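> To be precise about what I am sending: the file is called structure-v2.txt and holds compact mmCIF, C-alpha atoms and all ligand atoms.
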```
# COMPACT_ATOMS: atom_id res chain seq x y z
CA MET A 1 93.61 -14.89 46.63
CA PHE A 2 92.07 -13.80 49.95
CA GLN A 3 94.52 -12.87 52.68
CA SER A 4 92.38 -13.96 55.57
CA ASN A 5 89.23 -15.81 56.37
CA LYS A 6 87.67 -12.54 57.54
CA LYS A 7 88.19 -10.90 54.16
CA TYR A 8 86.83 -13.95 52.42
CA ILE A 9 83.70 -13.94 54.63
CA ASN A 10 83.17 -10.25 53.98
CA PHE A 11 83.50 -10.85 50.26
CA LEU A 12 80.86 -13.60 50.44
CA ILE A 13 78.47 -11.48 52.49
CA GLN A 14 78.81 -8.58 50.06
CA SER A 15 78.17 -10.94 47.18
CA GLY A 16 74.85 -11.87 48.78
CA VAL A 17 75.93 -15.22 50.24
CA HIS A 18 74.65 -15.41 53.79
CA THR A 19 75.10 -19.06 54.55
CA PHE A 20 77.88 -21.62 54.32
CA LEU A 21 77.92 -24.71 52.22
CA LYS A 22 77.86 -27.74 54.47
CA GLU A 23 78.09 -31.45 53.92
CA THR A 24 74.46 -31.76 54.98
CA PRO A 25 71.90 -29.66 53.06
CA ASN A 26 70.62 -26.48 54.73
CA LYS A 27 67.00 -27.17 53.65
CA LEU A 28 66.23 -23.47 53.93
CA LEU A 29 63.03 -23.74 51.94
CA GLU A 30 61.74 -26.63 54.05
CA ASN A 31 62.35 -24.66 57.25
CA GLN A 32 60.49 -21.69 55.82
CA GLN A 33 57.60 -23.92 54.85
CA ASN A 34 57.51 -25.49 58.29
CA GLN A 35 57.44 -22.07 59.89
CA LEU A 36 54.63 -21.05 57.55
CA LYS A 37 52.64 -24.18 58.42
CA PHE A 38 53.17 -23.49 62.10
CA LYS A 39 52.04 -19.90 61.65
CA GLU A 40 48.99 -20.93 59.67
CA LYS A 41 48.02 -23.50 62.31
CA LYS A 42 48.58 -21.02 65.14
CA ASP A 43 46.38 -18.45 63.39
CA LEU A 44 43.56 -20.92 62.80
CA LYS A 45 40.37 -20.31 64.73
CA LYS A 46 38.70 -23.11 66.62
CA LEU A 47 35.81 -24.83 64.82
CA GLU A 48 33.18 -23.55 67.24
CA GLU A 49 34.47 -19.96 66.91
CA ILE A 50 34.11 -19.95 63.13
CA THR A 51 31.14 -18.04 61.78
CA ALA A 52 32.11 -17.69 58.10
CA ILE A 53 32.76 -20.35 55.48
CA GLU A 54 36.01 -18.69 54.35
CA ASP A 55 37.45 -19.19 57.85
CA LEU A 56 36.46 -22.84 57.71
CA ILE A 57 38.44 -23.47 54.51
CA PRO A 58 41.98 -23.25 56.05
CA LEU A 59 40.86 -25.28 59.06
CA ILE A 60 39.58 -28.14 56.90
CA SER A 61 42.49 -28.03 54.46
CA ASN A 62 44.98 -28.15 57.35
CA HIS A 63 43.19 -31.10 58.95
CA ALA A 64 45.61 -34.05 58.65
CA SER A 65 43.72 -36.87 57.00
CA GLU A 66 44.91 -39.95 55.10
CA ILE A 67 42.33 -39.33 52.39
CA LYS A 68 43.90 -36.08 51.24
CA ASN A 69 47.18 -37.77 50.33
CA SER A 70 45.75 -39.25 47.14
CA ALA A 71 43.60 -36.24 46.18
CA LYS A 72 44.64 -33.22 44.12
CA ARG A 73 42.45 -30.43 45.48
CA MET A 74 40.12 -29.85 48.36
CA VAL A 75 36.52 -29.53 47.22
CA LEU A 76 34.44 -27.68 49.78
CA TYR A 77 31.45 -25.97 48.26
CA ASP A 78 29.90 -24.18 45.35
CA GLY A 79 27.04 -21.72 45.10
CA ASN A 80 25.53 -19.22 47.46
CA VAL A 81 26.43 -18.99 51.17
CA ASN A 82 23.14 -17.11 51.79
CA SER A 83 20.98 -19.81 50.23
CA ASN A 84 17.94 -21.30 51.96
CA ILE A 85 18.75 -24.68 50.35
CA MET A 86 21.82 -26.78 51.02
CA ILE A 87 22.55 -29.85 48.90
CA ILE A 88 24.83 -32.50 50.38
CA GLY A 89 26.45 -35.18 48.22
CA GLU A 90 28.99 -37.86 49.02
CA ALA A 91 32.54 -36.92 47.98
CA PRO A 92 34.31 -35.39 44.97
CA GLY A 93 34.98 -37.51 41.89
CA GLN A 94 37.73 -37.07 39.31
CA GLU A 95 36.37 -33.90 37.65
CA GLU A 96 35.66 -32.28 41.01
CA ASP A 97 39.16 -33.19 42.22
CA GLU A 98 40.66 -31.51 39.12
CA GLN A 99 38.57 -28.34 39.40
CA GLY A 100 38.10 -28.03 43.19
CA ILE A 101 34.32 -27.58 42.72
CA PRO A 102 31.61 -30.07 43.76
CA PHE A 103 29.26 -31.65 41.23
CA VAL A 104 30.90 -30.56 37.98
CA GLY A 105 31.19 -34.01 36.36
CA ARG A 106 28.41 -36.09 34.75
CA ALA A 107 26.49 -36.45 38.02
CA GLY A 108 26.75 -32.68 38.47
CA GLN A 109 25.34 -32.06 35.00
CA LEU A 110 22.37 -34.28 35.81
CA LEU A 111 21.95 -32.44 39.12
CA ASN A 112 21.87 -29.11 37.25
CA LYS A 113 19.13 -30.46 34.95
CA MET A 114 17.13 -31.80 37.89
CA LEU A 115 17.32 -28.43 39.63
CA SER A 116 16.32 -26.48 36.54
CA ALA A 117 13.29 -28.79 36.16
CA ILE A 118 11.93 -27.11 39.32
CA ASN A 119 13.22 -23.67 38.32
CA LEU A 120 16.28 -23.71 40.56
CA ASN A 121 19.76 -22.68 39.52
CA ARG A 122 22.79 -24.23 41.22
CA LYS A 123 24.41 -20.82 41.66
CA ASP A 124 21.61 -19.92 44.10
CA ILE A 125 22.12 -23.05 46.23
CA TYR A 126 24.88 -24.02 48.67
CA ILE A 127 26.31 -27.33 47.37
CA THR A 128 28.74 -29.45 49.37
CA ASN A 129 29.76 -33.04 50.14
CA VAL A 130 30.21 -35.15 53.27
CA VAL A 131 33.92 -35.61 52.52
CA PRO A 132 35.89 -32.74 50.90
CA TRP A 133 38.63 -34.89 49.33
CA ARG A 134 38.31 -37.42 46.49
CA PRO A 135 38.56 -40.95 47.93
CA PRO A 136 41.10 -43.18 46.14
CA GLN A 137 39.59 -44.83 43.04
CA ASN A 138 36.31 -43.02 43.79
CA ARG A 139 35.45 -45.54 46.49
CA THR A 140 32.62 -44.81 48.92
CA PRO A 141 33.88 -42.94 52.02
CA THR A 142 34.31 -45.25 55.01
CA ASP A 143 32.27 -44.75 58.20
CA GLN A 144 35.46 -43.50 59.83
CA GLU A 145 35.95 -40.87 57.10
CA ILE A 146 32.30 -39.79 57.40
CA LEU A 147 32.73 -39.32 61.16
CA GLU A 148 36.09 -37.61 60.73
CA PHE A 149 34.59 -34.87 58.54
CA LEU A 150 31.19 -34.70 60.22
CA PRO A 151 32.09 -31.82 62.60
CA PHE A 152 33.10 -29.70 59.57
CA LEU A 153 29.85 -30.55 57.77
CA GLN A 154 27.80 -29.74 60.87
CA ARG A 155 29.55 -26.40 61.23
CA GLN A 156 28.84 -25.59 57.57
CA ILE A 157 25.15 -26.34 58.18
CA GLU A 158 25.13 -24.12 61.28
CA ILE A 159 26.84 -21.26 59.43
CA ILE A 160 24.65 -21.48 56.31
CA ASN A 161 21.57 -22.23 58.42
CA PRO A 162 19.39 -23.10 55.41
CA GLN A 163 15.66 -23.85 55.55
CA ILE A 164 16.12 -27.14 53.70
CA LEU A 165 18.80 -29.81 53.48
CA TYR A 166 18.47 -31.82 50.26
CA ILE A 167 20.45 -35.00 50.83
CA LEU A 168 21.75 -36.98 47.85
CA GLY A 169 22.54 -40.65 48.38
CA THR A 170 23.14 -43.06 51.23
CA THR A 171 26.48 -41.63 52.43
CA ALA A 172 24.96 -38.18 53.05
CA ALA A 173 21.83 -39.76 54.57
CA LYS A 174 24.04 -41.73 56.95
CA ALA A 175 25.97 -38.60 57.93
CA ILE A 176 22.93 -36.37 58.46
CA LEU A 177 20.27 -38.77 59.72
CA SER A 178 22.64 -41.25 61.47
CA THR A 179 20.99 -44.19 59.76
CA SER A 180 22.02 -47.06 57.53
CA LEU A 181 18.49 -47.46 56.12
CA SER A 182 18.27 -47.73 52.34
CA LEU A 183 17.28 -44.76 50.17
CA GLY A 184 14.12 -46.63 49.20
CA LYS A 185 13.04 -46.53 52.86
CA LEU A 186 14.25 -42.99 53.59
CA ARG A 187 13.06 -41.01 50.57
CA GLY A 188 9.65 -39.43 50.16
CA LYS A 189 9.40 -38.15 53.77
CA TRP A 190 10.50 -35.00 55.56
CA TYR A 191 12.87 -35.26 58.54
CA GLU A 192 14.33 -32.69 60.91
CA TYR A 193 17.98 -31.92 61.54
CA LYS A 194 19.02 -30.35 64.84
CA THR A 195 22.29 -29.43 66.56
CA LEU A 196 22.88 -27.66 69.87
CA ARG A 197 23.84 -24.46 68.05
CA LEU A 198 20.91 -24.30 65.65
CA GLU A 199 18.07 -22.10 66.85
CA SER A 200 15.45 -24.15 65.06
CA PRO A 201 15.44 -27.53 63.29
CA ILE A 202 16.12 -27.71 59.54
CA ASP A 203 13.81 -29.68 57.19
CA VAL A 204 15.56 -32.60 55.52
CA LEU A 205 14.61 -34.47 52.36
CA VAL A 206 16.59 -37.46 51.10
CA SER A 207 16.75 -38.51 47.46
CA TYR A 208 18.74 -40.63 45.04
CA HIS A 209 22.25 -39.52 44.15
CA PRO A 210 22.48 -38.36 40.50
CA ALA A 211 25.42 -40.77 39.92
CA PHE A 212 23.07 -43.61 40.94
CA LEU A 213 20.37 -42.23 38.62
CA LEU A 214 22.85 -42.28 35.73
CA ARG A 215 23.39 -46.00 36.37
CA SER A 216 19.74 -46.79 37.17
CA PRO A 217 17.55 -44.39 35.18
CA ASN A 218 14.37 -46.26 36.15
CA TYR A 219 14.61 -44.55 39.59
CA LYS A 220 14.24 -41.11 37.96
CA LYS A 221 10.48 -41.23 38.53
CA GLU A 222 10.98 -41.32 42.32
CA ALA A 223 13.70 -38.66 42.08
CA TRP A 224 11.25 -36.44 40.19
CA SER A 225 8.63 -36.93 42.88
CA ASP A 226 11.24 -35.93 45.54
CA LEU A 227 12.06 -32.79 43.56
CA GLN A 228 8.39 -31.91 43.49
CA MET A 229 8.22 -32.34 47.28
CA LEU A 230 11.16 -29.93 47.51
CA GLN A 231 9.43 -27.44 45.23
CA LYS A 232 6.19 -27.65 47.22
CA LYS A 233 8.04 -26.97 50.49
CA LEU A 234 9.85 -24.00 48.95
CA ASN A 235 6.54 -22.55 47.79
CA GLU A 236 5.09 -22.95 51.30
CA ASN A 237 8.01 -21.17 52.99
N1 LIG B 301 29.43 -37.04 43.54
C1 LIG B 301 29.31 -36.44 44.75
O1 LIG B 301 28.76 -36.97 45.69
N2 LIG B 301 29.81 -35.23 44.87
C2 LIG B 301 30.40 -34.58 43.89
O2 LIG B 301 30.84 -33.46 44.11
C3 LIG B 301 30.50 -35.22 42.64
C4 LIG B 301 30.01 -36.45 42.50
```
Just give me the structure of the file as structure tokens.

Amino acid sequence: MFQSNKKYINFLIQSGVHTFLKETPNKLLENQQNQLKFKEKKDLKKLEEITAIEDLIPLISNHASEIKNSAKRMVLYDGNVNSNIMIIGEAPGQEEDEQGIPFVGRAGQLLNKMLSAINLNRKDIYITNVVPWRPPQNRTPTDQEILEFLPFLQRQIEIINPQILYILGTTAAKAILSTSLSLGKLRGKWYEYKTLRLESPIDVLVSYHPAFLLRSPNYKKEAWSDLQMLQKKLNEN
């Protein structure tokens, strides 16, 4: 039908075909995605240059980590970036992984009730976790995973610069206070958190994780006393 290859090529180009079929696939979409990834990575700021949480989000989500392979969504934070209180939990669970928001499952509902008992609303607090991806089968993050994400957590603390860090559970206590001591030994006292970039130390209070309180409700008395310590400090400030 076509007299020459040239005519045939012109016909194809005019029909909108700009590439030839080959025995091996062209993978045009994959190449585009790779270019996009490269561009995104190139445009990423360095951790220490970041001064806003929204600039931290692409950096953390691009961070290559085993743990994200089994998770659905990254879960970074919820609440108010201008808050004077920052709550740090362990890692997202199933509900959080589905919604991309920390503390929205049963433990989150208990946390909301605990906060409202001292007249706090979660929307006024900055809420995050040590690890932003759901660990497989909800297992506890390993020490390696805690250390891997620690620089991102530290940067969040420096950016938010709250007056108080309210630490929930042993994983967050380990990350923030660099200790393996039990919650029973750590709770009920104020600590200080410092980094080179913080102008002044931040007050730290450690308490039981709401997921633990759901399993062991007889520890709620101590948790209530910790909440009252938090309230007292807020009233002093
Ligand atoms: N447990 C956590 O530590 N964090 C969440 O976001 C949910 C449950």
> For atom CA of A:Val130 and atom CA of A:Glu90, quote the distance in Å rounded to one decimal.
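Between atom CA of A:Val130 and atom CA of A:Glu90 the gap is 5.2 Å.
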> Find the residues around stretch 137-145 of chain A up to 8 Å (only C-alpha atoms counted), leave out those fewer than 5 positions away in its own chain, and share them as a tab-separated table (two decimals) with C-alpha atoms, in the coordinates of the input.

```tsv
chain	number	residue	atom	x	y	z
A	90	GLU	CA	28.99	-37.86	49.02
A	91	ALA	CA	32.54	-36.92	47.98
A	92	PRO	CA	34.31	-35.39	44.97
A	93	GLY	CA	34.98	-37.51	41.89
A	94	GLN	CA	37.73	-37.07	39.31
A	131	VAL	CA	33.92	-35.61	52.52
A	171	THR	CA	26.48	-41.63	52.43
```
> For each of A:Ile127, A:Ile85, A:Ile159, A:Ile176, take the minimum atom-to-atom distance to A:Ile146, counting only C-alpha atoms, then give the residue where this is smallest.
A:Ile176
> Fewer than 5 positions away in the same chain doesn't count, so skip those; otherwise give me all residues within 9 Å of stretch 177-194 of chain A, counting only C-alpha atoms, as a list in words.
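These residues fall inside the cut-off: Leu165, Gly169, Thr170, Thr171, Ala172, Glu199, Ser200, Pro201, Ile202, Asp203, Val204, Leu205, Val206, Ser207, Tyr208, Glu222, Ala223, Ser225, Asp226 and Met229 of chain A.
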> Enter the distance from atom CA of A:Lys45 to atom CA of A:Glu158, in Å, rounded to one decimal.
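So the two atoms, atom CA of A:Lys45 and atom CA of A:Glu158, lie 16.1 Å apart.
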> Measuring atom to atom with only C-alpha atoms and all ligand atoms, identify which of A:Leu168, A:Leu56, A:Ile50, A:Leu196 is nearest to ligand LIG 301 (chain B).
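When distances to ligand LIG 301 (chain B) are compared using only C-alpha atoms and all ligand atoms, the smallest one comes from A:Leu168.
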> Of the residues A:Tyr77, A:Phe103, A:Tyr219, A:Tyr126, which is the one nearest to ligand LIG 301 (chain B), using all atoms listed in the file?
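Closest to ligand LIG 301 (chain B), using all atoms listed in the file: A:Phe103.
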> By how many Å are atom CA of A:Gln154 and atom CA of A:Ile53 apart?
11.9 Å
> Which polymer residues, whether protein, DNA or RNA, lie within 10 Å of the coordinate (14.6, -38.5, 37.6) when you count all atoms listed in the file? List them as a list in words, using the chain letters and numbers from the file.
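Looking at atoms near the point gives Leu110, Leu111, Lys113, Met114, Ala117, Tyr208, Pro210, Leu213, Leu214, Ser216, Pro217, Asn218, Tyr219, Lys220, Lys221, Glu222, Ala223, Trp224, Ser225, Asp226 and Leu227 of chain A.
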> With C-alpha atoms kept, could you save the residues just selected as a compact mmCIF listing (two decimals), keeping the file's coordinate frame?

```txt
# COMPACT_ATOMS: atom_id res chain seq x y z
CA LEU A 110 22.37 -34.28 35.81
CA LEU A 111 21.95 -32.44 39.12
CA LYS A 113 19.13 -30.46 34.95
CA MET A 114 17.13 -31.80 37.89
CA ALA A 117 13.29 -28.79 36.16
CA TYR A 208 18.74 -40.63 45.04
CA PRO A 210 22.48 -38.36 40.50
CA LEU A 213 20.37 -42.23 38.62
CA LEU A 214 22.85 -42.28 35.73
CA SER A 216 19.74 -46.79 37.17
CA PRO A 217 17.55 -44.39 35.18
CA ASN A 218 14.37 -46.26 36.15
CA TYR A 219 14.61 -44.55 39.59
CA LYS A 220 14.24 -41.11 37.96
CA LYS A 221 10.48 -41.23 38.53
CA GLU A 222 10.98 -41.32 42.32
CA ALA A 223 13.70 -38.66 42.08
CA TRP A 224 11.25 -36.44 40.19
CA SER A 225 8.63 -36.93 42.88
CA ASP A 226 11.24 -35.93 45.54
CA LEU A 227 12.06 -32.79 43.56
```
> When distances are computed from all atoms listed in the file, which of A:Ile118, A:Ala107, A:Leu234, A:Ile125 shows the smallest separation from ligand LIG 301 (chain B)?
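Nearest candidate to ligand LIG 301 (chain B) out of A:Ile118, A:Ala107, A:Leu234, A:Ile125: A:Ala107.
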> Find the residue from A:Leu44, A:Val75, A:Val81, A:Ala173 that sits nearest to A:Pro102; use only C-alpha atoms when measuring.
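Ranking A:Leu44, A:Val75, A:Val81, A:Ala173 by distance to A:Pro102, first place goes to A:Val75.
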> Using only C-alpha atoms and all ligand atoms, which of A:Leu198, A:Ile67, A:Ile101, A:Ile60 sits nearest ligand LIG 301 (chain B)?
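Looking only at the distances to ligand LIG 301 (chain B), the closest residue turns out to be A:Ile101.
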